[in-house]
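The data block below is target25.cif; it holds mmCIF, C-alpha atoms.
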```cif
data_start
#
loop_
_atom_site.label_atom_id
_atom_site.label_comp_id
_atom_site.auth_asym_id
_atom_site.auth_seq_id
_atom_site.Cartn_x
_atom_site.Cartn_y
_atom_site.Cartn_z
CA MET A 1 49.79 -12.75 -6.04
CA LEU A 2 52.09 -15.05 -4.05
CA THR A 3 49.86 -14.83 -1.00
CA ALA A 4 46.83 -15.74 -3.14
CA LEU A 5 48.75 -18.70 -4.57
CA ALA A 6 49.75 -19.85 -1.09
CA VAL A 7 46.15 -19.57 0.06
CA SER A 8 44.95 -21.58 -2.94
CA LEU A 9 47.51 -24.33 -2.41
CA PHE A 10 46.74 -24.52 1.30
CA LEU A 11 43.00 -24.79 0.69
CA CYS A 12 43.52 -27.44 -1.98
CA SER A 13 45.72 -29.47 0.34
CA CYS A 14 43.03 -29.64 3.03
CA SER A 15 39.81 -29.50 1.00
CA ASP A 16 39.25 -33.26 1.01
CA ASN A 17 39.86 -33.64 4.71
CA ASP A 18 39.96 -30.75 7.17
CA ALA A 19 37.85 -28.24 5.26
CA ASN A 20 34.92 -30.62 4.91
CA LYS A 21 34.96 -31.24 8.66
CA LEU A 22 34.33 -27.60 9.57
CA THR A 23 31.33 -27.33 11.87
CA VAL A 24 29.66 -24.40 13.54
CA ASP A 25 29.61 -25.13 17.28
CA LYS A 26 27.45 -22.29 18.52
CA THR A 27 23.95 -21.05 17.78
CA LEU A 28 22.36 -17.60 17.67
CA LYS A 29 21.02 -17.90 21.22
CA ASP A 30 24.64 -17.60 22.42
CA PHE A 31 25.20 -14.41 20.39
CA GLN A 32 23.88 -11.27 22.12
CA TYR A 33 23.92 -7.57 21.23
CA ILE A 34 24.97 -5.37 24.17
CA GLY A 35 24.91 -1.89 22.66
CA LEU A 36 26.83 1.04 21.13
CA LYS A 37 25.63 0.52 17.56
CA GLU A 38 25.01 4.25 17.17
CA LYS A 39 28.54 5.09 18.39
CA THR A 40 30.67 2.52 16.56
CA GLY A 41 30.05 2.78 12.82
CA ILE A 42 33.61 2.16 11.73
CA ARG A 43 33.37 2.76 7.98
CA GLU A 44 31.62 6.10 8.44
CA ALA A 45 34.22 7.13 11.01
CA GLN A 46 37.05 6.04 8.72
CA ASP A 47 35.71 8.13 5.83
CA MET A 48 35.16 11.16 8.04
CA LEU A 49 38.62 11.05 9.62
CA LEU A 50 40.38 10.37 6.33
CA ASN A 51 38.75 13.48 4.86
CA LYS A 52 39.41 15.58 7.96
CA TYR A 53 42.93 14.52 8.95
CA GLY A 54 44.17 12.28 6.15
CA THR A 55 44.65 9.42 8.61
CA SER A 56 43.43 5.84 8.87
CA TYR A 57 41.25 4.75 11.80
CA SER A 58 41.22 1.41 13.61
CA PRO A 59 39.39 1.55 16.97
CA SER A 60 39.95 -0.98 19.73
CA MET A 61 38.60 -2.52 22.92
CA GLN A 62 40.10 -3.58 26.25
CA ILE A 63 38.88 -5.28 29.40
CA ILE A 64 40.44 -3.85 32.57
CA ASP A 65 39.33 -4.62 36.15
CA ASP A 66 35.84 -5.86 35.22
CA PHE A 67 35.17 -2.98 32.82
CA ILE A 68 34.98 -3.22 29.04
CA TYR A 69 36.38 -0.13 27.30
CA VAL A 70 35.61 0.70 23.66
CA THR A 71 37.27 3.49 21.69
CA THR A 72 35.14 5.38 19.18
CA SER A 73 35.38 8.47 16.99
CA SER A 74 33.69 10.43 19.80
CA GLY A 75 35.63 9.19 22.84
CA ILE A 76 36.03 6.11 25.05
CA TYR A 77 32.94 4.32 26.36
CA ARG A 78 32.88 1.73 29.09
CA LYS A 79 30.50 -0.69 30.80
CA ARG A 80 30.76 -2.79 33.98
CA LEU A 81 30.90 -6.52 33.39
CA ASP A 82 30.54 -7.68 37.00
CA THR A 83 27.05 -6.18 37.36
CA SER A 84 24.01 -7.27 35.37
CA ASN A 85 22.25 -4.72 33.14
CA SER A 86 24.89 -2.03 33.57
CA ALA A 87 24.78 0.82 31.06
CA TRP A 88 27.41 2.17 28.70
CA VAL A 89 28.80 5.53 29.78
CA LEU A 90 31.18 7.98 28.18
CA TYR A 91 34.38 7.43 30.14
CA ALA A 92 37.02 9.70 28.61
CA PHE A 93 38.01 12.16 25.88
CA GLU A 94 34.58 13.31 24.74
CA ASN A 95 34.39 14.05 20.99
CA MET A 96 37.95 12.86 20.36
CA PRO A 97 38.63 10.11 17.75
CA VAL A 98 40.50 7.74 20.06
CA THR A 99 42.09 4.65 18.55
CA HIS A 100 43.97 3.09 21.49
CA PHE A 101 44.83 3.95 25.08
CA ILE A 102 46.82 2.76 28.07
CA LYS A 103 45.93 3.31 31.72
CA LYS A 104 47.70 3.65 35.08
CA GLY A 105 45.24 4.37 37.87
CA SER A 106 43.44 7.59 36.93
CA ASP A 107 46.12 8.47 34.35
CA VAL A 108 45.00 7.70 30.80
CA LEU A 109 47.23 8.20 27.76
CA ALA A 110 45.45 7.90 24.42
CA ILE A 111 46.43 8.06 20.78
CA THR A 112 43.98 9.54 18.32
CA ALA A 113 43.33 9.83 14.60
CA CYS A 114 44.19 13.53 14.77
CA SER A 115 47.34 14.32 12.80
CA ASP A 116 48.36 17.35 14.87
CA GLU A 117 49.38 18.10 18.47
CA ARG A 118 46.38 16.03 19.63
CA ALA A 119 47.86 12.77 18.32
CA PHE A 120 48.83 12.00 21.96
CA ILE A 121 46.52 13.20 24.72
CA LEU A 122 46.89 12.66 28.47
CA SER A 123 44.34 12.78 31.27
CA SER A 124 45.13 12.61 34.98
CA ASP A 125 41.49 12.44 36.09
CA ASP A 126 40.07 9.41 34.23
CA GLY A 127 39.44 11.34 31.03
CA LYS A 128 37.39 14.23 32.38
CA THR A 129 40.02 16.75 31.31
CA TYR A 130 43.12 16.29 29.21
CA LYS A 131 46.13 17.99 27.68
CA THR A 132 47.98 17.41 24.44
CA LEU A 133 51.25 15.51 24.78
CA THR A 134 52.64 15.16 21.26
CA PRO A 135 56.37 16.01 21.17
CA ALA A 136 57.34 18.75 18.74
CA SER A 137 60.06 16.42 17.41
CA PHE A 138 57.34 14.15 15.99
CA VAL A 139 55.93 16.91 13.77
CA PHE A 140 57.70 17.54 10.44
CA LYS A 141 57.14 20.67 8.35
CA GLU A 142 57.98 18.80 5.17
CA LEU A 143 55.01 16.53 5.91
CA GLU A 144 52.66 19.48 6.37
CA ASN A 145 53.13 19.25 10.16
CA LYS A 146 51.33 15.92 10.25
CA VAL A 147 52.07 13.12 12.67
CA VAL A 148 50.39 9.70 12.68
CA VAL A 149 50.41 7.39 15.71
CA SER A 150 49.39 3.88 14.71
CA ALA A 151 49.74 1.90 17.93
CA ILE A 152 50.69 2.15 21.59
CA ALA A 153 51.60 -0.54 24.15
CA GLN A 154 52.38 -0.76 27.85
CA ASN A 155 55.01 -2.97 29.45
CA PRO A 156 53.05 -5.48 31.59
CA ARG A 157 55.86 -5.43 34.17
CA ASN A 158 56.32 -1.66 34.31
CA PRO A 159 53.27 0.57 33.69
CA ASN A 160 55.48 3.63 33.04
CA SER A 161 57.32 1.90 30.17
CA LEU A 162 55.57 2.41 26.83
CA LEU A 163 56.04 1.79 23.12
CA ALA A 164 54.39 3.54 20.19
CA LEU A 165 54.50 3.44 16.40
CA VAL A 166 54.87 6.99 15.10
CA VAL A 167 54.97 7.86 11.40
CA PRO A 168 57.43 9.01 10.14
CA VAL A 169 59.63 8.59 13.24
CA GLY A 170 59.56 4.83 13.94
CA VAL A 171 59.23 2.74 17.09
CA VAL A 172 59.48 5.09 20.06
CA GLN A 173 59.81 4.31 23.75
CA SER A 174 58.92 6.19 26.93
CA THR A 175 59.93 5.31 30.50
CA ASP A 176 57.85 8.04 32.17
CA PHE A 177 54.31 7.34 30.93
CA GLY A 178 54.59 9.40 27.77
CA GLN A 179 56.19 12.57 29.10
CA ASN A 180 59.34 11.92 27.06
CA TRP A 181 60.06 9.65 24.11
CA LYS A 182 63.09 8.34 22.25
CA CYS A 183 63.27 6.51 18.94
CA ILE A 184 64.60 2.96 19.27
CA SER A 185 63.99 1.82 15.67
CA THR A 186 63.25 3.43 12.32
CA GLU A 187 62.20 0.07 10.83
CA ILE A 188 58.46 0.48 10.33
CA GLY A 189 56.05 -0.11 7.47
CA GLY A 190 55.79 2.44 4.70
CA GLY A 191 52.30 1.31 3.76
CA GLN A 192 50.60 0.33 7.03
CA ASN A 193 51.64 0.08 10.67
CA TRP A 194 49.50 -2.08 12.94
CA PHE A 195 51.14 -3.54 16.02
CA VAL A 196 53.86 -2.80 18.53
CA GLY A 197 54.28 -4.64 21.81
CA TYR A 198 56.31 -6.46 24.41
CA ASN A 199 56.39 -10.22 24.80
CA PRO A 200 54.74 -10.37 28.25
CA ASN A 201 56.79 -13.46 29.17
CA ASP A 202 60.09 -11.73 28.36
CA THR A 203 59.73 -7.96 28.00
CA THR A 204 63.22 -7.62 26.52
CA ASN A 205 61.54 -9.00 23.37
CA ILE A 206 59.81 -6.24 21.34
CA TYR A 207 57.92 -6.62 18.05
CA ASN A 208 56.29 -4.36 15.48
CA THR A 209 54.29 -5.27 12.38
CA GLY A 210 52.65 -3.81 9.30
CA GLU A 211 53.03 -3.60 5.53
CA SER A 212 55.66 -2.03 3.29
CA MET A 213 55.10 0.39 0.42
CA ILE A 214 55.33 -2.52 -2.04
CA MET A 215 52.61 -4.43 -0.15
CA GLU A 216 54.89 -6.89 1.61
CA SER A 217 53.98 -7.86 5.15
CA LEU A 218 56.67 -7.22 7.72
CA MET A 219 57.56 -8.07 11.28
CA TYR A 220 60.60 -6.66 13.06
CA SER A 221 61.87 -7.87 16.40
CA SER A 222 64.41 -6.92 19.01
CA LEU A 223 65.43 -9.52 21.58
CA ASP A 224 67.60 -7.11 23.57
CA ALA A 225 65.18 -4.39 24.71
CA GLY A 226 65.39 -2.39 21.49
CA LYS A 227 69.15 -2.20 20.98
CA ASN A 228 69.24 -4.36 17.84
CA TRP A 229 66.48 -5.15 15.34
CA GLN A 230 65.93 -7.61 12.53
CA LEU A 231 63.26 -8.40 9.97
CA ILE A 232 61.92 -11.83 10.94
CA GLU A 233 58.86 -12.27 8.70
CA SER A 234 57.75 -10.98 5.31
CA MET A 235 55.32 -12.12 2.58
CA ASN A 236 54.33 -10.59 -0.75
CA ASN A 237 50.88 -9.01 -1.00
CA SER A 238 50.05 -9.24 2.70
CA CYS A 239 49.96 -7.35 6.00
CA ILE A 240 50.50 -8.51 9.60
CA HIS A 241 47.87 -7.01 11.92
CA HIS A 242 48.48 -8.43 15.38
CA ILE A 243 50.61 -10.80 17.47
CA ALA A 244 49.09 -12.94 20.23
CA PHE A 245 51.63 -14.16 22.78
CA HIS A 246 51.16 -17.44 24.63
CA PRO A 247 50.06 -16.76 28.24
CA SER A 248 53.13 -18.45 29.75
CA ASP A 249 55.55 -19.69 27.06
CA PRO A 250 57.88 -16.92 25.80
CA ASN A 251 58.72 -18.89 22.67
CA THR A 252 55.19 -19.34 21.31
CA MET A 253 53.18 -16.69 19.47
CA ILE A 254 50.56 -16.46 16.72
CA TYR A 255 50.07 -13.67 14.24
CA SER A 256 46.99 -12.69 12.28
CA GLY A 257 47.24 -11.20 8.79
CA GLU A 258 45.57 -10.86 5.42
CA TYR A 259 43.90 -14.23 4.73
CA ILE A 260 46.30 -16.13 7.03
CA VAL A 261 47.17 -17.07 10.59
CA LYS A 262 50.72 -18.26 11.37
CA LYS A 263 52.37 -19.70 14.47
CA SER A 264 55.92 -19.62 15.81
CA THR A 265 57.47 -21.69 18.60
CA ASP A 266 60.89 -19.99 18.52
CA ARG A 267 60.09 -16.34 19.35
CA GLY A 268 59.33 -15.52 15.72
CA ARG A 269 62.49 -16.79 14.07
CA SER A 270 60.38 -19.14 11.92
CA TRP A 271 56.65 -19.34 11.16
CA SER A 272 54.23 -22.09 10.11
CA LEU A 273 50.99 -21.46 8.20
CA LYS A 274 48.04 -22.72 10.28
CA LEU A 275 44.85 -21.13 8.92
CA VAL A 276 43.71 -19.72 5.57
CA ASP A 277 40.39 -18.10 4.63
CA GLU A 278 39.09 -15.13 2.61
CA ILE A 279 39.26 -13.04 5.78
CA TYR A 280 41.53 -10.25 6.88
CA PHE A 281 42.32 -11.75 10.28
CA TYR A 282 42.70 -8.79 12.64
CA LYS A 283 43.30 -10.57 15.92
CA VAL A 284 43.97 -13.85 17.70
CA VAL A 285 43.11 -14.31 21.39
CA TYR A 286 44.34 -17.04 23.76
CA ASP A 287 42.19 -18.40 26.57
CA LYS A 288 44.55 -17.56 29.44
CA ASP A 289 43.00 -20.25 31.65
CA ASN A 290 43.47 -22.89 28.95
CA PRO A 291 46.07 -21.85 26.34
CA SER A 292 45.15 -24.82 24.17
CA ILE A 293 42.05 -22.82 23.18
CA VAL A 294 42.62 -19.93 20.78
CA TYR A 295 40.19 -17.74 18.80
CA ALA A 296 40.70 -15.85 15.53
CA SER A 297 38.50 -13.45 13.59
CA GLY A 298 38.40 -10.44 11.32
CA CYS A 299 36.53 -9.19 8.27
CA THR A 300 35.52 -11.20 5.19
CA ARG A 301 36.88 -10.07 1.81
CA ILE A 302 34.38 -11.91 -0.40
CA PRO A 303 31.92 -9.39 -1.94
CA ASN A 304 28.89 -11.69 -1.89
CA GLU A 305 29.59 -12.57 1.77
CA PHE A 306 29.85 -8.96 2.88
CA HIS A 307 27.60 -9.52 5.90
CA LYS A 308 29.11 -12.81 7.06
CA PHE A 309 30.52 -12.92 10.56
CA THR A 310 32.93 -15.77 11.34
CA ILE A 311 34.92 -16.82 14.40
CA TYR A 312 37.46 -19.63 14.24
CA ARG A 313 38.61 -21.69 17.21
CA SER A 314 41.56 -23.97 17.83
CA THR A 315 41.63 -26.49 20.68
CA ASP A 316 45.28 -27.52 20.22
CA GLY A 317 47.09 -24.24 20.70
CA GLY A 318 46.61 -22.86 17.20
CA ASP A 319 47.78 -25.81 15.10
CA ASN A 320 44.36 -26.76 13.72
CA TRP A 321 41.25 -24.60 13.38
CA HIS A 322 37.52 -24.93 12.77
CA VAL A 323 34.62 -22.51 12.38
CA PHE A 324 33.26 -21.98 15.88
CA PHE A 325 30.50 -19.50 15.07
CA GLN A 326 29.06 -17.98 11.92
CA THR A 327 26.12 -15.75 11.11
CA ASN A 328 25.09 -12.79 8.94
CA LEU A 329 24.81 -9.30 10.39
CA SER A 330 22.60 -6.54 9.06
CA GLY A 331 25.59 -4.25 8.66
CA GLU A 332 29.04 -5.13 7.41
CA GLY A 333 30.12 -8.51 8.71
CA GLY A 334 33.30 -9.00 10.68
CA ILE A 335 35.05 -7.42 13.62
CA ILE A 336 37.91 -5.02 14.19
CA ASP A 337 38.74 -6.22 17.74
CA PHE A 338 37.65 -8.71 20.38
CA GLU A 339 38.50 -9.93 23.89
CA LEU A 340 37.77 -12.99 26.04
CA TYR A 341 36.45 -12.50 29.58
CA LYS A 342 35.02 -15.22 31.84
CA SER A 343 34.15 -17.57 28.97
CA LYS A 344 32.53 -14.83 26.84
CA LEU A 345 33.91 -13.26 23.72
CA TYR A 346 33.29 -9.52 23.48
CA LEU A 347 33.16 -8.49 19.83
CA TYR A 348 33.59 -5.04 18.26
CA THR A 349 31.75 -5.23 14.93
CA TYR A 350 32.10 -2.87 11.98
CA ALA A 351 28.53 -1.57 11.86
CA ASP A 352 26.37 -3.39 14.41
CA GLY A 353 27.85 -2.36 17.75
CA ILE A 354 29.21 -4.66 20.46
CA TYR A 355 28.17 -8.31 20.84
CA THR A 356 28.96 -11.15 23.20
CA LEU A 357 29.35 -14.81 22.36
CA ASP A 358 29.11 -17.33 25.18
CA THR A 359 31.81 -19.92 24.52
CA GLN A 360 30.55 -22.45 27.05
CA ALA A 361 26.75 -22.31 26.77
CA GLU A 362 24.98 -25.61 26.28
CA GLU A 363 23.75 -26.37 22.76
#
```

Full structure transcribed into structure tokens:
Amino acid sequence: MLTALAVSLFLCSCSDNDANKLTVDKTLKDFQYIGLKEKTGIREAQDMLLNKYGTSYSPSMQIIDDFIYVTTSSGIYRKRLDTSNSAWVLYAFENMPVTHFIKKGSDVLAITACSDERAFILSSDDGKTYKTLTPASFVFKELENKVVVSAIAQNPRNPNSLLALVVPVGVVQSTDFGQNWKCISTEIGGGQNWFVGYNPNDTTNIYNTGESMIMESLMYSSLDAGKNWQLIESMNNSCIHHIAFHPSDPNTMIYSGEYIVKKSTDRGRSWSLKLVDEIYFYKVVYDKDNPSIVYASGCTRIPNEFHKFTIYRSTDGGDNWHVFFQTNLSGEGGIIDFELYKSKLYLYTYADGIYTLDTQAEE
């Protein structure tokens, strides 16, 4: 209720000025389908995995060394981006419902939607074979031996140093690429858990986000490598999905949540509302070559706009936003994840596969 009121007040305050200036910069010729529609039906996968394991499912994408990687309910697929007309190939963990993964050479550690010993799986040969790696201490008999891993992250300055969100354990840390884990915080969401990660500009700063059992958004932070934690952000009737860190400034970050995008310039101690729409914003992405440019997107929550696909852009570091691209898709509109690579956005849609959007093409 309070989030809805805040959204209403924000929209009213800008409706006579900013909102009426929204323009769509791009056209459909810049928006191209590049495949995987048959492998990436998210809603069908979510229903199947909820019935099978009782877990939620939020797949992801990454771009590593000129490859785009996409997790699906049947494994990880990848495609070369530095060669024209390259094909998608199954890269790792065939028939496994992978949500996220981290990589170190040919070693690949993935988390899955399985709620058993396969919650963590490790491959040492680029996904051809793998073993289960879920610690027995993460599995509780009183919870019917179920374990849920919501997120995993890798320290950008030390590839062996990892974080994960494990329900019901908490924020856990490994210093040996997942062989051993220790709990560094029990402060996680009781309703949803979405993000855990290091501030890449100061990796002693660690954050995790989600939603409580009473539907309050939450963000916890530790500024001393996990020794001490505090709740630094919370709103009624909301959820925080992701944090985007400025490419070079350790103080500046932007989070995406239900209907809102907020910005901080003091490492998360305080937050300013910057964008409101009837969208669950799932991610914000900085242009690393020009941090003044930032993109935000997610999934519309308006029933009669079910197919609408919208990307917002800011050209002043996330302070002001406008609609950069908008269209209708045949399947459910919106995206679960996206990345920016060489002036193209790569977009993981809910039901229509993977698309690109050229951000610099001439009109």

Next on the checklist: Please determine, counting all atoms listed in the file, which residue among A:Val285, A:Val294, A:Leu218, A:Val166 has the shortest atom-to-atom distance to Gly189 of chain A.
Outcome noted: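 With all atoms listed in the file as the atom set, the closest residue is A:Leu218.
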
Checklist entry - Mind telling me what the PyMOL selection byres ((chain A and resi 314) around 9) catches here, as a ChimeraX atom specification? => result /A:292-296,312-313,315-324

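Atom CA of Glu44 of chain A lies 11.8 Å from atom CA of Ser56 of chain A.
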
Checklist entry - Neighbours of Thr349 of chain A within 10 Å (all atoms listed in the file; same-chain residues fewer than 5 positions away dropped), as a ChimeraX atom specification? => result /A:37,40-42,298-299,309,329,331-338,354-355

Next on the checklist: Measuring between only C-alpha atoms, which one of A:Ser234, A:Thr186, A:Thr203, A:Thr209 shows the shortest distance to Ser270 of chain A?
Outcome noted: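 Closest residue, counting only C-alpha atoms: A:Ser234.
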
Item to check | Expected selection from the PyMOL selection byres ((chain A and resi 111-113) around 8), given as a list in words | outcome: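 The output of the PyMOL selection byres ((chain A and resi 111-113) around 8) on this file is Leu49, Tyr53, Thr55, Ser56, Tyr57, Met96, Pro97, Val98, Thr99, His100, Phe101, Leu109, Ala110, Cys114, Ser115, Arg118, Ala119, Phe120, Ile121, Val148, Val149, Ser150, Ala151 and Ile152 of chain A.
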
Checklist entry - Which residues come within 10 Å of Gln173 of chain A, counting all atoms listed in the file, excluding same-chain residues fewer than 4 positions away, as an MDAnalysis selection string? => result chainID A and resid 152:154 161:165 177:178 180:185 226

Checklist entry - Which polymer residues have any atom within 12 Å of an atom of Lys344 of chain A, counting all atoms listed in the file, with same-chain residues fewer than 3 positions away left out, as a list in words? => result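 Here the qualifying residues turn out to be Asp30, Phe31, Gln32, Ile63, Leu81, Val285, Asp287, Tyr295, Phe338, Glu339, Leu340, Tyr341, Leu347, Tyr355, Thr356, Leu357, Asp358, Thr359, Gln360 and Ala361 of chain A.
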